[in-house]
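S.K.: For reference, this is coords23.cif, and it has mmCIF, C-alpha atoms.
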data_my_file
#
loop_
_atom_site.label_atom_id
_atom_site.label_comp_id
_atom_site.auth_asym_id
_atom_site.auth_seq_id
_atom_site.Cartn_x
_atom_site.Cartn_y
_atom_site.Cartn_z
CA MET A 314 14.36 -16.93 -1.72
CA SER A 315 11.38 -14.65 -1.44
CA PRO A 316 8.94 -15.75 1.26
CA TYR A 317 6.18 -15.31 -1.35
CA PRO A 318 7.31 -17.26 -4.43
CA SER A 319 5.01 -17.66 -7.40
CA SER A 320 4.21 -21.01 -8.95
CA ALA A 321 6.49 -20.24 -11.91
CA SER A 322 9.79 -22.12 -12.04
CA PRO A 323 13.03 -20.13 -12.40
CA THR A 324 14.16 -19.84 -16.01
CA GLY A 325 17.06 -22.17 -16.61
CA HIS A 326 18.21 -20.75 -19.93
CA TRP A 327 17.96 -17.28 -21.41
CA ARG A 328 18.12 -17.44 -25.19
CA HIS A 329 19.17 -13.83 -25.84
CA LEU A 330 21.54 -13.22 -22.92
CA ARG A 331 24.39 -15.04 -21.20
CA VAL A 332 23.64 -15.30 -17.49
CA ASP A 333 26.12 -16.51 -14.85
CA ARG A 334 25.57 -16.74 -11.10
CA ALA A 335 28.10 -17.05 -8.27
CA GLU A 336 27.76 -16.28 -4.56
CA GLY A 337 24.99 -13.72 -4.86
CA VAL A 338 26.41 -12.01 -7.97
CA VAL A 339 24.57 -12.35 -11.29
CA THR A 340 26.55 -11.45 -14.41
CA VAL A 341 24.51 -10.68 -17.53
CA THR A 342 26.41 -10.47 -20.82
CA PHE A 343 25.13 -9.17 -24.13
CA ASP A 344 26.55 -11.87 -26.37
CA ARG A 345 26.33 -10.84 -30.03
CA PRO A 346 29.93 -9.66 -30.50
CA GLU A 347 29.68 -9.91 -34.29
CA ARG A 348 26.98 -7.18 -34.12
CA LEU A 349 28.61 -5.13 -31.32
CA ASN A 350 25.94 -6.63 -29.05
CA ALA A 351 23.10 -4.85 -30.84
CA LEU A 352 19.81 -5.47 -29.06
CA THR A 353 16.93 -7.47 -30.51
CA PHE A 354 13.30 -7.66 -29.41
CA GLY A 355 14.18 -10.88 -27.61
CA ALA A 356 17.14 -9.35 -25.76
CA TYR A 357 14.96 -6.53 -24.42
CA ALA A 358 12.27 -8.98 -23.33
CA ASP A 359 14.76 -11.38 -21.73
CA LEU A 360 16.43 -8.59 -19.74
CA ARG A 361 13.04 -7.26 -18.58
CA ASP A 362 11.90 -10.72 -17.48
CA LEU A 363 15.24 -11.70 -15.93
CA LEU A 364 15.29 -8.60 -13.73
CA ALA A 365 11.72 -9.28 -12.59
CA GLU A 366 12.55 -12.93 -11.86
CA LEU A 367 15.66 -12.05 -9.84
CA ALA A 368 13.68 -9.50 -7.83
CA ARG A 369 11.02 -12.15 -7.04
CA GLU A 370 13.49 -14.90 -6.18
CA GLY A 371 15.62 -12.95 -3.74
CA GLY A 372 19.21 -14.01 -3.22
CA THR A 373 20.76 -11.66 -5.78
CA ARG A 374 23.06 -9.23 -3.99
CA ALA A 375 24.49 -7.48 -7.07
CA LEU A 376 24.18 -7.65 -10.86
CA VAL A 377 26.87 -6.89 -13.44
CA LEU A 378 25.85 -5.93 -16.97
CA GLY A 379 28.53 -6.30 -19.63
CA GLY A 380 29.15 -7.00 -23.29
CA ALA A 381 31.15 -9.63 -25.16
CA GLY A 382 33.77 -8.74 -27.74
CA ARG A 383 34.75 -5.20 -28.73
CA GLY A 384 31.98 -3.19 -27.10
CA PHE A 385 29.33 -2.93 -24.41
CA CYS A 386 26.22 -2.48 -26.54
CA SER A 387 25.65 -0.58 -29.79
CA GLY A 388 21.90 -0.10 -29.21
CA GLY A 389 18.97 -1.46 -31.16
CA ASP A 390 19.80 -3.67 -34.13
CA VAL A 391 19.27 -1.64 -37.31
CA ASP A 392 17.87 -4.58 -39.29
CA GLU A 393 16.04 -6.53 -36.60
CA ILE A 394 14.47 -3.58 -34.77
CA ILE A 395 14.63 -0.37 -36.79
CA GLY A 396 13.74 -2.13 -40.02
CA ALA A 397 10.95 -4.08 -38.36
CA THR A 398 9.41 -1.04 -36.66
CA LEU A 399 8.83 0.62 -40.03
CA ALA A 400 6.17 -2.01 -40.73
CA MET A 401 4.44 -1.72 -37.34
CA GLY A 402 1.25 0.10 -36.50
CA THR A 403 0.93 2.67 -33.74
CA GLY A 404 -0.31 0.15 -31.17
CA GLU A 405 2.59 -2.21 -31.79
CA LEU A 406 5.07 0.64 -31.66
CA LEU A 407 3.65 1.84 -28.36
CA GLU A 408 3.96 -1.66 -26.88
CA PHE A 409 7.57 -1.94 -28.05
CA ASN A 410 8.54 1.44 -26.62
CA ARG A 411 6.81 0.65 -23.36
CA MET A 412 8.81 -2.59 -23.15
CA THR A 413 12.14 -0.80 -23.57
CA GLY A 414 11.11 1.62 -20.83
CA GLN A 415 10.16 -1.31 -18.60
CA VAL A 416 13.74 -2.55 -18.84
CA VAL A 417 15.06 0.77 -17.53
CA ARG A 418 12.47 0.82 -14.76
CA ALA A 419 13.40 -2.73 -13.81
CA ILE A 420 17.06 -1.74 -13.49
CA ARG A 421 16.25 1.33 -11.37
CA GLU A 422 13.70 -0.52 -9.22
CA ALA A 423 15.68 -3.76 -8.78
CA PRO A 424 16.23 -4.50 -5.06
CA PHE A 425 19.97 -4.90 -5.64
CA PRO A 426 22.74 -2.71 -7.11
CA VAL A 427 23.36 -2.92 -10.86
CA ILE A 428 26.86 -2.32 -12.25
CA ALA A 429 27.56 -1.60 -15.93
CA ALA A 430 31.03 -2.69 -17.09
CA VAL A 431 31.57 -0.47 -20.14
CA HIS A 432 34.22 -0.96 -22.80
CA GLY A 433 34.14 0.14 -26.40
CA VAL A 434 30.86 1.54 -27.62
CA ALA A 435 27.79 2.19 -25.46
CA ALA A 436 25.39 3.74 -27.94
CA GLY A 437 21.67 4.41 -28.19
CA ALA A 438 19.80 2.00 -25.95
CA GLY A 439 23.17 0.65 -24.78
CA ALA A 440 24.07 4.08 -23.42
CA VAL A 441 20.70 4.32 -21.63
CA LEU A 442 21.11 0.88 -20.03
CA ALA A 443 24.52 1.97 -18.71
CA LEU A 444 22.96 5.25 -17.55
CA ALA A 445 20.25 3.37 -15.65
CA ALA A 446 22.79 1.31 -13.70
CA ASP A 447 23.82 2.33 -10.19
CA PHE A 448 27.52 2.19 -11.07
CA ARG A 449 29.34 2.64 -14.39
CA ILE A 450 32.83 1.12 -14.54
CA VAL A 451 34.44 2.55 -17.67
CA GLU A 452 37.58 1.73 -19.64
CA PRO A 453 39.65 4.54 -21.28
CA SER A 454 38.63 3.51 -24.80
CA ALA A 455 34.90 3.52 -24.01
CA ARG A 456 32.58 6.03 -25.60
CA PHE A 457 28.96 6.95 -25.01
CA ALA A 458 26.52 8.20 -27.64
CA PHE A 459 22.80 8.86 -27.19
CA LEU A 460 22.05 8.51 -30.89
CA PHE A 461 18.26 8.82 -31.00
CA THR A 462 18.05 12.16 -32.81
CA ARG A 463 20.57 10.83 -35.36
CA VAL A 464 17.90 8.38 -36.56
CA GLY A 465 15.12 10.98 -36.51
CA LEU A 466 13.69 10.15 -33.09
CA SER A 467 13.42 12.04 -29.82
CA GLY A 468 16.45 12.04 -27.58
CA ALA A 469 14.02 11.48 -24.71
CA ASP A 470 13.97 7.70 -25.06
CA MET A 471 13.73 4.97 -22.40
CA GLY A 472 13.85 7.54 -19.60
CA ALA A 473 17.09 9.19 -20.79
CA ALA A 474 15.66 12.71 -20.43
CA TYR A 475 14.71 11.89 -16.84
CA LEU A 476 17.92 10.16 -15.74
CA LEU A 477 20.68 12.00 -17.60
CA PRO A 478 20.04 15.57 -16.33
CA ARG A 479 19.99 14.24 -12.78
CA LEU A 480 23.41 12.70 -13.32
CA VAL A 481 25.28 15.28 -15.41
CA GLY A 482 23.07 18.39 -15.23
CA LEU A 483 20.62 19.87 -17.73
CA GLY A 484 23.25 21.59 -19.88
CA HIS A 485 25.32 18.49 -20.58
CA ALA A 486 22.20 16.34 -20.93
CA THR A 487 20.76 18.74 -23.52
CA ARG A 488 23.97 18.59 -25.53
CA LEU A 489 24.22 14.79 -25.41
CA LEU A 490 20.55 14.07 -26.14
CA MET A 491 19.99 16.82 -28.71
CA LEU A 492 23.14 16.39 -30.79
CA GLY A 493 23.80 12.68 -30.30
CA ASP A 494 27.57 13.28 -30.36
CA SER A 495 29.93 10.62 -29.08
CA VAL A 496 31.56 11.29 -25.70
CA ASP A 497 34.86 9.60 -24.83
CA ALA A 498 35.67 8.18 -21.42
CA ALA A 499 37.65 11.22 -20.26
CA GLU A 500 34.79 13.60 -21.09
CA ALA A 501 32.24 11.20 -19.60
CA GLU A 502 34.22 11.17 -16.35
CA ARG A 503 34.55 14.97 -16.33
CA ILE A 504 30.78 15.50 -16.55
CA GLY A 505 29.90 12.81 -14.01
CA LEU A 506 28.81 9.90 -16.18
CA VAL A 507 31.59 7.60 -14.91
CA SER A 508 31.38 6.09 -11.44
CA GLN A 509 34.83 4.51 -11.51
CA PRO A 510 37.47 4.33 -14.25
CA ALA A 511 39.10 1.00 -15.05
CA LEU A 512 42.30 0.03 -16.80
CA GLU A 513 41.98 -0.87 -20.47
CA GLY A 514 40.61 -4.39 -20.64
CA GLY A 515 39.82 -4.32 -16.93
CA ALA A 516 36.20 -3.16 -16.70
CA ASP A 517 34.80 -6.66 -16.24
CA GLU A 518 37.16 -7.55 -13.40
CA THR A 519 36.77 -4.15 -11.71
CA ALA A 520 32.99 -4.49 -11.92
CA ALA A 521 33.18 -8.07 -10.61
CA ALA A 522 35.29 -6.94 -7.65
CA LEU A 523 32.78 -4.21 -6.84
CA ALA A 524 29.92 -6.70 -7.17
CA ARG A 525 31.64 -9.11 -4.76
CA ARG A 526 32.14 -6.27 -2.29
CA LEU A 527 28.48 -5.31 -2.51
CA ALA A 528 27.36 -8.95 -2.29
CA ALA A 529 29.37 -9.42 0.90
CA GLY A 530 27.90 -6.28 2.46
CA PRO A 531 24.59 -5.38 4.13
CA ALA A 532 22.10 -6.17 1.36
CA LEU A 533 19.10 -4.67 3.13
CA ALA A 534 20.94 -1.38 3.64
CA HIS A 535 21.97 -1.34 -0.04
CA GLN A 536 18.41 -2.11 -1.13
CA GLN A 537 16.90 0.69 0.92
CA THR A 538 19.58 3.20 -0.11
CA LYS A 539 18.93 2.49 -3.80
CA ALA A 540 15.17 2.69 -3.35
CA LEU A 541 15.39 6.03 -1.53
CA LEU A 542 17.84 7.52 -4.04
CA THR A 543 15.29 6.83 -6.76
CA ALA A 544 12.18 7.77 -4.78
CA GLU A 545 13.57 11.07 -3.49
CA LEU A 546 14.65 12.46 -6.87
CA ASP A 547 11.41 14.43 -7.18
CA MET A 548 10.50 14.94 -3.50
CA PRO A 549 10.64 18.16 -1.54
CA LEU A 550 13.14 18.08 1.33
CA GLY A 551 10.47 17.72 4.01
CA ALA A 552 9.03 14.59 2.42
CA ALA A 553 12.51 13.17 1.82
CA VAL A 554 13.70 13.52 5.40
CA GLU A 555 10.44 12.01 6.66
CA MET A 556 10.91 9.03 4.34
CA ASP A 557 14.51 8.70 5.53
CA ALA A 558 13.36 8.71 9.15
CA ALA A 559 10.80 5.96 8.53
CA ALA A 560 13.30 3.81 6.63
CA GLN A 561 15.98 4.22 9.29
CA ALA A 562 13.55 3.34 12.08
CA LEU A 563 12.69 0.11 10.27
CA LEU A 564 16.34 -0.76 9.56
CA MET A 565 17.17 -0.18 13.22
CA THR A 566 15.03 -3.25 13.95
CA SER A 567 16.97 -5.39 11.47
CA GLY A 568 19.30 -8.25 12.26
CA ASP A 569 22.12 -6.57 10.37
CA TYR A 570 21.96 -3.50 12.61
CA ALA A 571 22.15 -5.69 15.72
CA GLU A 572 24.93 -7.73 14.09
CA PHE A 573 27.02 -4.60 13.55
CA HIS A 574 26.82 -3.75 17.25
CA ALA A 575 27.65 -7.31 18.27
CA ALA A 576 30.62 -7.42 15.88
CA PHE A 577 31.89 -4.02 17.00
CA THR A 578 31.67 -5.04 20.65
CA ALA A 579 33.46 -8.33 19.96
CA LYS A 580 36.07 -6.59 17.77
CA ARG A 581 35.32 -8.76 14.73
CA GLU A 582 33.99 -8.20 11.24
CA PRO A 583 30.17 -8.32 10.94
CA THR A 584 28.47 -11.20 9.19
CA TRP A 585 25.78 -9.55 7.10
CA GLU A 586 22.63 -11.62 6.53
CA GLY A 587 20.54 -9.10 4.61
CA HIS A 588 17.61 -9.00 7.03
#
Once more with this new file: its structure as structure tokens, please.
M.R.:
Amino acid sequence: MSPYPSSASPTGHWRHLRVDRAEGVVTVTFDRPERLNALTFGAYADLRDLLAELAREGGTRALVLGGAGRGFCSGGDVDEIIGATLAMGTGELLEFNRMTGQVVRAIREAPFPVIAAVHGVAAGAGAVLALAADFRIVEPSARFAFLFTRVGLSGADMGAAYLLPRLVGLGHATRLLMLGDSVDAAEAERIGLVSQPALEGGADETAAALARRLAAGPALAHQQTKALLTAELDMPLGAAVEMDAAAQALLMTSGDYAEFHAAFTAKREPTWEGH
């Protein structure tokens, strides 16, 4: 638990997501298989608030994001979101778009690794949520599509134009965001969108195994590595190496660093405590 908990009680039930917890791993499942896990306003809000709650609570060592049924996530629900936004004013639209961006920020800024287990379609907002994760475990039948221009909107949605060029390069990002074409798993792996391929039907278990490995490892080291990867994206080298030096000096005072030395000396495996 965080040493500074708020007075709010942990949420016991999330209405728009399926949430499971086991030994430091939280598994979040989009659970509208009849709609290819299309997102609703409530699903966005639940995911935003869940990530914030997990960050406050402490104890989460890794999070897996997956989808029930035939696909990962087909993006925003055409009826429940796209149809509804046509009746909104500018202020309401701005608040909605800020909320979707807050979800991506929460994934990138979460103090634990996030793994996307991708099978079937990852389209629109679903593709961006997978993009925002630290790891993408991808089945051969998976396909990605950043569909925003296909519905008459900018391809620069939810931070996609920030994150995607840094992952696959400006040329590939321009093609994917401008044209909105579907990219199969083989092409996604070739351009760098896939962290690890999985066997067909095996993305969930491969992601779970990676999550268990991360959860059993040095959580503080993982947390700082993720934070610095994000923070240093736009830094000059001098600032980056100075930030690295400060972070390493702090981690050298941690219990995990001392535990590694003790375990090495005793010829045993370290017991990581995350502090």
S.K.: So what does the PyMOL selection byres ((chain A and resi 468) around 10) actually pick up in this one, as an mmCIF file with C-alpha atoms, in the frame of the given file?
M.R.:
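Result file follows (part22.cif):
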data_model
loop_
_atom_site.group_PDB
_atom_site.id
_atom_site.type_symbol
_atom_site.label_atom_id
_atom_site.label_comp_id
_atom_site.auth_asym_id
_atom_site.auth_seq_id
_atom_site.Cartn_x
_atom_site.Cartn_y
_atom_site.Cartn_z
ATOM 1 C CA GLY A 437 21.670 4.410 -28.190
ATOM 2 C CA PHE A 459 22.800 8.860 -27.190
ATOM 3 C CA LEU A 460 22.050 8.510 -30.890
ATOM 4 C CA PHE A 461 18.260 8.820 -31.000
ATOM 5 C CA THR A 462 18.050 12.160 -32.810
ATOM 6 C CA ARG A 463 20.570 10.830 -35.360
ATOM 7 C CA VAL A 464 17.900 8.380 -36.560
ATOM 8 C CA GLY A 465 15.120 10.980 -36.510
ATOM 9 C CA LEU A 466 13.690 10.150 -33.090
ATOM 10 C CA SER A 467 13.420 12.040 -29.820
ATOM 11 C CA ALA A 469 14.020 11.480 -24.710
ATOM 12 C CA ASP A 470 13.970 7.700 -25.060
ATOM 13 C CA MET A 471 13.730 4.970 -22.400
ATOM 14 C CA GLY A 472 13.850 7.540 -19.600
ATOM 15 C CA ALA A 473 17.090 9.190 -20.790
ATOM 16 C CA ALA A 474 15.660 12.710 -20.430
ATOM 17 C CA ALA A 486 22.200 16.340 -20.930
ATOM 18 C CA THR A 487 20.760 18.740 -23.520
ATOM 19 C CA LEU A 489 24.220 14.790 -25.410
ATOM 20 C CA LEU A 490 20.550 14.070 -26.140
ATOM 21 C CA MET A 491 19.990 16.820 -28.710
ATOM 22 C CA LEU A 492 23.140 16.390 -30.790
ATOM 23 C CA GLY A 493 23.800 12.680 -30.300
#
S.K.: Dig up all the protein and nucleic acid residues within 12 Å of (14.3, -11.5, -19.0) in the file frame, using only C-alpha atoms, and format them as a PyMOL selection string.
M.R.: chain A and resi 323-332+341+354-368+412-413+415-416+419-420
S.K.: So the first atom is atom CA of Glu422 of chain A and the second is atom CA of Thr373 of chain A; what is the distance between them in Å, to one decimal place?
M.R.: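 Value for the atom CA of Glu422 of chain A-atom CA of Thr373 of chain A distance: 13.6 Å.
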S.K.: Enter the distance from atom CA of Asp517 of chain A to atom CA of Ala430 of chain A, in Å, rounded to one decimal.
M.R.: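 Answer for the atom CA of Asp517 of chain A to atom CA of Ala430 of chain A separation: 5.5 Å.
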S.K.: Tell me which of A:Gly337, A:Gly551, A:Gly530, A:Pro426 sits closest to Leu378 of chain A, counting all atoms listed in the file.
M.R.: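 Selected residue with least distance to Leu378 of chain A: A:Pro426.
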S.K.: When distances are computed from only C-alpha atoms, which of A:Ala438, A:Ala575, A:Ala532, A:Val431 shows the smallest separation from Gly379 of chain A?
M.R.: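 Checking each of A:Ala438, A:Ala575, A:Ala532, A:Val431 against Gly379 of chain A, counting only C-alpha atoms, the winner is A:Val431.
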S.K.: Find, counting all atoms listed in the file, the residue in A:Pro424, A:Gly484, A:Gly404, A:Gly514 that gets nearest to Ala455 of chain A.
M.R.: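 Of all the options, A:Gly514 lies closest to Ala455 of chain A.
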S.K.: Which polymer residues have any atom within 9 Å of an atom of segment 387-391 of chain A, counting only C-alpha atoms, with same-chain residues fewer than 4 positions away left out, as a VMD selection string?
M.R.: chain A and resid 348 to 354 395 to 397 434 to 441 460
S.K.: Given the selection you just returned, output its residues as a file containing C-alpha atoms, formatted as a tab-separated table (two decimals), keeping the file's coordinate frame.
M.R.:
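What landed in result-v1.tsv:
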chain	number	residue	atom	x	y	z
A	348	ARG	CA	26.98	-7.18	-34.12
A	349	LEU	CA	28.61	-5.13	-31.32
A	350	ASN	CA	25.94	-6.63	-29.05
A	351	ALA	CA	23.10	-4.85	-30.84
A	352	LEU	CA	19.81	-5.47	-29.06
A	353	THR	CA	16.93	-7.47	-30.51
A	354	PHE	CA	13.30	-7.66	-29.41
A	395	ILE	CA	14.63	-0.37	-36.79
A	396	GLY	CA	13.74	-2.13	-40.02
A	397	ALA	CA	10.95	-4.08	-38.36
A	434	VAL	CA	30.86	1.54	-27.62
A	435	ALA	CA	27.79	2.19	-25.46
A	436	ALA	CA	25.39	3.74	-27.94
A	437	GLY	CA	21.67	4.41	-28.19
A	438	ALA	CA	19.80	2.00	-25.95
A	439	GLY	CA	23.17	0.65	-24.78
A	440	ALA	CA	24.07	4.08	-23.42
A	441	VAL	CA	20.70	4.32	-21.63
A	460	LEU	CA	22.05	8.51	-30.89
S.K.: Could you check which of A:Leu541, A:Leu523, A:Ala429, A:Val554 is closest to Arg374 of chain A, using only C-alpha atoms?
M.R.: A:Leu523
S.K.: Could you check the closest approach to Gly482 of chain A for each of A:Arg411, A:Leu506, A:Glu405, A:Ala560 and tell me which residue wins, using only C-alpha atoms?
M.R.: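 So, comparing all the options, the nearest one is A:Leu506.
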